[in-house]
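Asks: Structure supplied as entry-v4.cif; contents: mmCIF, C-alpha atoms.
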data_target
loop_
_atom_site.label_atom_id
_atom_site.label_comp_id
_atom_site.auth_asym_id
_atom_site.auth_seq_id
_atom_site.Cartn_x
_atom_site.Cartn_y
_atom_site.Cartn_z
CA MET A 1 1.99 -16.17 -32.44
CA GLY A 2 5.73 -16.82 -32.59
CA LYS A 3 7.95 -18.52 -30.04
CA LYS A 4 8.88 -15.21 -28.45
CA GLY A 5 5.20 -14.24 -28.17
CA LEU A 6 4.33 -17.56 -26.56
CA LEU A 7 7.12 -17.20 -24.00
CA THR A 8 6.00 -13.67 -23.20
CA ALA A 9 2.37 -14.69 -22.79
CA PHE A 10 3.27 -17.68 -20.63
CA LYS A 11 5.55 -15.60 -18.41
CA LYS A 12 2.84 -12.98 -17.97
CA TYR A 13 0.13 -15.43 -16.93
CA GLN A 14 2.13 -18.31 -15.45
CA LEU A 15 0.93 -17.76 -11.87
CA LEU A 16 -2.68 -17.62 -12.98
CA ILE A 17 -2.18 -20.80 -15.01
CA ILE A 18 -0.69 -22.62 -12.02
CA VAL A 19 -3.49 -21.47 -9.69
CA LEU A 20 -6.14 -22.64 -12.15
CA LEU A 21 -4.31 -25.93 -12.61
CA PHE A 22 -4.21 -26.36 -8.83
CA ILE A 23 -7.99 -25.83 -8.65
CA VAL A 24 -8.59 -28.34 -11.46
CA ILE A 25 -6.43 -30.96 -9.75
CA LEU A 26 -8.20 -30.52 -6.43
CA ALA A 27 -11.57 -30.72 -8.11
CA GLY A 28 -10.58 -33.79 -10.09
CA CYS A 29 -9.21 -35.62 -7.07
CA GLY A 30 -11.94 -34.53 -4.71
CA ALA A 31 -14.08 -37.63 -5.28
CA ASN A 32 -11.66 -39.80 -3.30
CA THR A 33 -12.12 -38.77 0.34
CA ALA A 34 -12.15 -42.25 1.88
CA PRO A 35 -9.97 -42.62 4.99
CA ILE A 36 -6.38 -43.39 4.03
CA ASP A 37 -4.60 -46.45 5.46
CA SER A 38 -1.98 -49.04 4.55
CA SER A 39 -4.46 -50.92 2.36
CA SER A 40 -5.15 -47.89 0.13
CA THR A 41 -4.07 -48.48 -3.46
CA GLY A 42 -2.68 -46.15 -6.07
CA PHE A 43 0.74 -44.57 -6.58
CA PHE A 44 -0.17 -41.15 -5.22
CA ASP A 45 -1.99 -42.55 -2.17
CA HIS A 46 0.87 -44.93 -1.37
CA TYR A 47 3.82 -42.54 -1.81
CA PHE A 48 2.34 -39.16 -0.86
CA VAL A 49 -0.98 -39.24 0.99
CA TYR A 50 -0.44 -42.21 3.34
CA PRO A 51 3.11 -41.18 4.46
CA PHE A 52 1.83 -37.69 5.29
CA SER A 53 -1.11 -39.17 7.21
CA LEU A 54 1.28 -41.30 9.29
CA LEU A 55 3.53 -38.30 9.91
CA ILE A 56 0.58 -36.20 11.11
CA LYS A 57 -0.45 -38.93 13.56
CA LYS A 58 3.07 -39.47 14.91
CA ILE A 59 3.73 -35.76 15.49
CA ALA A 60 0.29 -35.35 17.09
CA ILE A 61 1.17 -38.13 19.55
CA LEU A 62 4.29 -36.18 20.56
CA PHE A 63 2.03 -33.24 21.45
CA GLN A 64 -0.56 -35.21 23.40
CA GLY A 65 -2.85 -35.72 20.42
CA ASN A 66 -2.84 -32.09 19.28
CA TYR A 67 -3.44 -32.39 15.53
CA GLY A 68 -3.51 -28.62 15.07
CA ILE A 69 0.13 -28.34 16.18
CA ALA A 70 1.02 -31.34 14.00
CA ILE A 71 -0.45 -29.63 10.91
CA ILE A 72 1.37 -26.38 11.72
CA LEU A 73 4.76 -28.06 12.21
CA ILE A 74 4.54 -30.17 9.06
CA THR A 75 3.45 -27.14 7.02
CA ILE A 76 6.47 -25.18 8.26
CA ILE A 77 8.82 -28.11 7.53
CA ILE A 78 7.47 -28.45 3.99
CA ARG A 79 7.89 -24.74 3.38
CA PHE A 80 11.48 -24.79 4.65
CA VAL A 81 12.25 -27.70 2.29
CA LEU A 82 10.76 -25.81 -0.67
CA MET A 83 12.29 -22.45 0.23
CA PRO A 84 15.64 -22.98 -1.61
CA PHE A 85 13.74 -23.58 -4.86
CA PHE A 86 11.92 -20.27 -4.50
CA ILE A 87 15.13 -18.42 -3.62
CA ARG A 88 16.85 -19.82 -6.70
CA GLN A 89 13.87 -19.00 -8.89
CA SER A 90 13.78 -15.44 -7.58
CA LYS A 91 17.53 -14.96 -8.11
CA ASN A 92 17.37 -16.32 -11.68
CA SER A 93 14.39 -14.09 -12.43
CA LYS A 94 16.20 -11.01 -11.13
CA ASP A 95 19.34 -11.85 -13.12
CA SER A 96 17.26 -12.32 -16.28
CA GLN A 97 15.57 -8.96 -15.75
CA LYS A 98 18.94 -7.22 -15.38
CA LYS A 99 20.28 -8.82 -18.57
CA MET A 100 17.08 -7.98 -20.42
CA ALA A 101 17.40 -4.32 -19.39
CA VAL A 102 20.96 -4.23 -20.76
CA MET A 103 19.96 -5.94 -24.02
CA LYS A 104 16.81 -3.92 -24.63
CA PRO A 105 18.40 -1.13 -26.74
CA GLU A 106 20.03 -3.67 -29.06
CA MET A 107 16.83 -5.75 -29.18
CA ASP A 108 14.84 -2.66 -30.13
CA GLN A 109 17.29 -1.94 -32.94
CA ILE A 110 17.00 -5.47 -34.32
CA GLN A 111 13.20 -5.42 -34.14
CA LYS A 112 13.10 -1.97 -35.76
CA LYS A 113 15.38 -3.26 -38.52
CA TYR A 114 12.94 -6.01 -39.43
CA LYS A 115 9.72 -4.11 -38.74
CA GLY A 116 7.23 -4.66 -41.55
CA LYS A 117 9.29 -7.51 -43.03
CA SER A 118 7.24 -10.67 -42.82
CA SER A 119 9.03 -12.99 -45.23
CA THR A 120 10.35 -16.28 -43.85
CA GLU A 121 13.93 -15.30 -44.71
CA ASP A 122 13.65 -11.98 -42.86
CA GLN A 123 12.07 -13.61 -39.81
CA LEU A 124 14.81 -16.26 -39.69
CA SER A 125 17.46 -13.54 -39.99
CA MET A 126 15.88 -11.64 -37.09
CA GLN A 127 15.80 -14.78 -34.96
CA ARG A 128 19.49 -15.43 -35.73
CA GLU A 129 20.45 -11.90 -34.72
CA LEU A 130 18.43 -12.16 -31.52
CA SER A 131 20.03 -15.53 -30.79
CA ASP A 132 23.50 -14.02 -31.27
CA LEU A 133 22.50 -11.20 -28.92
CA TYR A 134 21.39 -13.71 -26.28
CA LYS A 135 24.71 -15.57 -26.56
CA LYS A 136 26.63 -12.31 -26.29
CA HIS A 137 24.96 -11.53 -22.95
CA ASP A 138 24.74 -15.16 -21.78
CA PHE A 139 20.96 -14.88 -21.67
CA ASN A 140 18.64 -17.88 -21.88
CA PRO A 141 15.04 -16.84 -22.73
CA VAL A 142 13.77 -20.32 -21.82
CA LYS A 143 14.48 -19.55 -18.14
CA MET A 144 11.82 -16.87 -18.31
CA ALA A 145 9.25 -19.49 -19.32
CA VAL A 146 10.22 -22.06 -16.68
CA GLY A 147 10.12 -19.71 -13.72
CA CYS A 148 7.05 -21.55 -12.46
CA LEU A 149 9.00 -24.80 -11.94
CA PRO A 150 9.17 -24.35 -8.15
CA LEU A 151 5.37 -24.07 -8.16
CA ILE A 152 5.12 -27.27 -10.20
CA ILE A 153 7.61 -29.08 -7.97
CA GLN A 154 5.68 -28.23 -4.82
CA MET A 155 2.28 -29.31 -6.15
CA PRO A 156 2.57 -33.10 -5.54
CA ILE A 157 3.88 -32.42 -2.02
CA LEU A 158 1.24 -29.88 -1.06
CA ILE A 159 -1.61 -31.80 -2.68
CA GLY A 160 -0.44 -34.99 -0.92
CA PHE A 161 -0.49 -33.16 2.41
CA TYR A 162 -3.88 -31.65 1.54
CA TYR A 163 -5.44 -35.09 1.04
CA ALA A 164 -3.66 -36.53 4.05
CA ILE A 165 -5.50 -33.94 6.15
CA MET A 166 -8.78 -34.63 4.36
CA ARG A 167 -8.48 -38.41 4.68
CA THR A 168 -7.20 -38.78 8.24
CA PRO A 169 -10.42 -39.16 10.24
CA GLU A 170 -8.73 -38.62 13.61
CA ILE A 171 -8.15 -34.96 12.72
CA ALA A 172 -11.89 -34.24 12.36
CA GLU A 173 -12.46 -35.40 15.96
CA GLN A 174 -10.13 -32.79 17.45
CA SER A 175 -10.31 -29.06 18.19
CA PHE A 176 -7.63 -26.38 17.97
CA LEU A 177 -7.81 -22.91 19.46
CA TRP A 178 -11.52 -21.97 19.34
CA PHE A 179 -12.64 -24.15 16.40
CA SER A 180 -13.21 -27.79 15.55
CA LEU A 181 -10.76 -29.12 12.97
CA GLY A 182 -13.53 -31.20 11.45
CA GLU A 183 -16.01 -28.37 10.85
CA THR A 184 -16.05 -25.17 8.83
CA ASP A 185 -15.34 -22.04 10.86
CA LEU A 186 -16.25 -18.79 9.14
CA LEU A 187 -13.97 -16.65 11.31
CA PHE A 188 -10.93 -18.74 10.52
CA VAL A 189 -11.86 -18.89 6.83
CA ALA A 190 -11.85 -15.07 6.83
CA PHE A 191 -8.45 -15.12 8.55
CA ALA A 192 -6.99 -17.49 5.93
CA VAL A 193 -8.39 -15.35 3.11
CA LEU A 194 -6.87 -12.21 4.65
CA ILE A 195 -3.47 -13.92 4.94
CA TYR A 196 -3.48 -14.89 1.27
CA TYR A 197 -4.55 -11.41 0.23
CA LEU A 198 -1.65 -9.92 2.21
CA GLN A 199 0.72 -12.51 0.73
CA ALA A 200 -0.34 -11.53 -2.79
CA ARG A 201 0.13 -7.83 -2.01
CA VAL A 202 3.55 -8.38 -0.44
CA SER A 203 4.67 -10.18 -3.61
CA LEU A 204 4.09 -6.91 -5.52
CA ILE A 205 6.60 -4.95 -3.41
CA GLY A 206 9.54 -3.71 -5.44
CA LEU A 207 8.09 -4.61 -8.83
CA GLU A 208 8.01 -2.17 -11.70
CA GLU A 209 4.67 -0.58 -12.50
CA ALA A 210 4.11 -2.74 -15.59
CA GLN A 211 4.78 -5.91 -13.60
CA ARG A 212 2.55 -4.75 -10.77
CA LYS A 213 -0.35 -4.33 -13.18
CA GLN A 214 0.24 -7.79 -14.65
CA MET A 215 0.40 -9.42 -11.22
CA ALA A 216 -2.38 -7.41 -9.59
CA ILE A 217 -5.04 -9.94 -10.59
CA MET A 218 -3.34 -12.51 -8.33
CA SER A 219 -4.17 -10.30 -5.34
CA PHE A 220 -7.76 -11.35 -5.84
CA VAL A 221 -7.53 -14.78 -7.49
CA SER A 222 -5.65 -16.47 -4.62
CA PRO A 223 -7.91 -15.22 -1.79
CA ILE A 224 -11.05 -16.04 -3.79
CA MET A 225 -9.74 -19.55 -4.47
CA ILE A 226 -8.98 -20.06 -0.77
CA ALA A 227 -12.40 -18.69 0.26
CA VAL A 228 -14.37 -20.92 -2.13
CA ILE A 229 -12.55 -24.08 -1.11
CA SER A 230 -12.37 -23.25 2.62
CA LEU A 231 -16.14 -22.78 2.87
CA ASN A 232 -16.59 -26.38 1.74
CA VAL A 233 -13.91 -28.19 3.78
CA PRO A 234 -13.06 -28.77 7.46
CA SER A 235 -11.13 -26.03 9.29
CA ALA A 236 -7.99 -28.18 9.34
CA LEU A 237 -7.36 -27.13 5.74
CA PRO A 238 -7.71 -23.34 6.24
CA LEU A 239 -5.31 -23.82 9.18
CA TYR A 240 -2.80 -25.38 6.80
CA TRP A 241 -3.31 -22.59 4.26
CA ALA A 242 -3.08 -19.82 6.85
CA VAL A 243 0.23 -21.11 8.23
CA SER A 244 1.55 -21.60 4.70
CA GLY A 245 0.48 -18.07 3.77
CA ILE A 246 2.21 -16.53 6.80
CA PHE A 247 5.39 -18.43 5.95
CA MET A 248 5.22 -17.23 2.34
CA ILE A 249 4.85 -13.62 3.47
CA ILE A 250 8.00 -13.90 5.61
CA GLN A 251 9.84 -15.77 2.84
CA THR A 252 8.92 -13.14 0.25
CA LEU A 253 10.11 -10.29 2.49
CA ILE A 254 13.42 -12.10 3.13
CA ILE A 255 13.98 -12.74 -0.58
CA LYS A 256 13.19 -9.15 -1.54
CA LYS A 257 15.49 -7.75 1.15
CA TYR A 258 18.49 -10.10 1.03
CA VAL A 259 18.37 -11.91 -2.35
CA HIS A 260 17.39 -8.97 -4.55
#
Show the structure stored in the file as structure tokens.

Replies:
Amino acid sequence: MGKKGLLTAFKKYQLLIIVLLFIVILAGCGANTAPIDSSSTGFFDHYFVYPFSLLIKKIAILFQGNYGIAIILITIIIRFVLMPFFIRQSKNSKDSQKKMAVMKPEMDQIQKKYKGKSSTEDQLSMQRELSDLYKKHDFNPVKMAVGCLPLIIQMPILIGFYYAIMRTPEIAEQSFLWFSLGETDLLFVAFAVLIYYLQARVSLIGLEEAQRKQMAIMSFVSPIMIAVISLNVPSALPLYWAVSGIFMIIQTLIIKKYVH
């Protein structure tokens, strides 16, 4: 597979790759669930998990020990901080799609010209002509392969917050709404799964049919991932995911309406 083929394959499955990577990271880090404190060692614990744990406690104190509200507020703050990255990613993706649509007739001509020619010289000539075409339209194909960067950037932050919730024992002793934050609640798990399903479906709005088919699998992968993990963790985590999912739905609708 050539460079162009690799970029196309990566672009097509990048969300699935990131989701699977997220699952692997959570599974790999899951062994360390000891309560976090100032004596905890390790770079990630010291610079991500422990600061989030302290922040959760301090905000909970402001709301008379309500850890549910603390989790909701911090989740919203994190999402607001990450939102500009997603807006920029979406804008770059839309611009790339527009340029690609303009270039497609010329690209088809170049590919037709070299169809059936497999010699190294012919392939290099085709790549040069495609490169000249990209320069002509100020198009950078690498941007199409790095569209998942906002997802990568957010992972240390969200995983740090995830483990701060898991490793702050005070949270498990509290209740929020009708459920205990320290126990699994099937009703709220179902709610979190529904939110992520809706979020995945909203992300398909406005896409072309081919893109919708490529992305349709995410409508099921994300909710299944949330369901599997939520059934094995305290309800504080589905609360975090539900709030995050609601925010992402609103963010996606805003981007599609005002950015695109």

Asks: Leaving out A:Asp122 and any residue of its chain fewer than 6 positions from it, which residues lie within 12 Å of it when counting only C-alpha atoms, given as a list in words?

Replies: Ile110, Gln111, Lys113, Tyr114, Lys115, Gly116, Arg128 and Glu129 of chain A

Asks: If I take atom CA of A:Gln154 and atom CA of A:Phe86, how far is one from the other in Å, to one decimal?

Replies: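 Atom-to-atom, atom CA of A:Gln154 to atom CA of A:Phe86, that is 10.1 Å.
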
Asks: Write out as a ChimeraX atom specification which residues come within 10 Å of A:Leu194 when counting all atoms listed in the file, dropping same-chain ones fewer than 3 positions away.

Replies: /A:188-191,197-200,223,226-227,242,245

Asks: State, in Å with one decimal place, the distance from atom CA of A:His137 to atom CA of A:Lys98.

Replies: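 If I compute the distance from atom CA of A:His137 to atom CA of A:Lys98, I get 10.6 Å.
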
Asks: Within 8 Å of (11.2, -16.7, -2.3) in the file's own coordinates, which protein, DNA or RNA residues have an atom, counting all atoms listed in the file? List them as a list in words.

Replies: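 Using all atoms listed in the file, the matching residues come out as Met83, Pro84, Phe85, Phe86, Ile87, Arg88, Gln89, Ser90, Met248, Gln251, Thr252, Ile254, Ile255 and Lys256 of chain A.
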
Asks: Find the residue from A:Ser38, A:Val243, A:Lys94, A:Pro234 that sits nearest to A:Ser175; use only C-alpha atoms when measuring.

Replies: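 Using only C-alpha atoms, the shortest distance to A:Ser175 belongs to A:Pro234.
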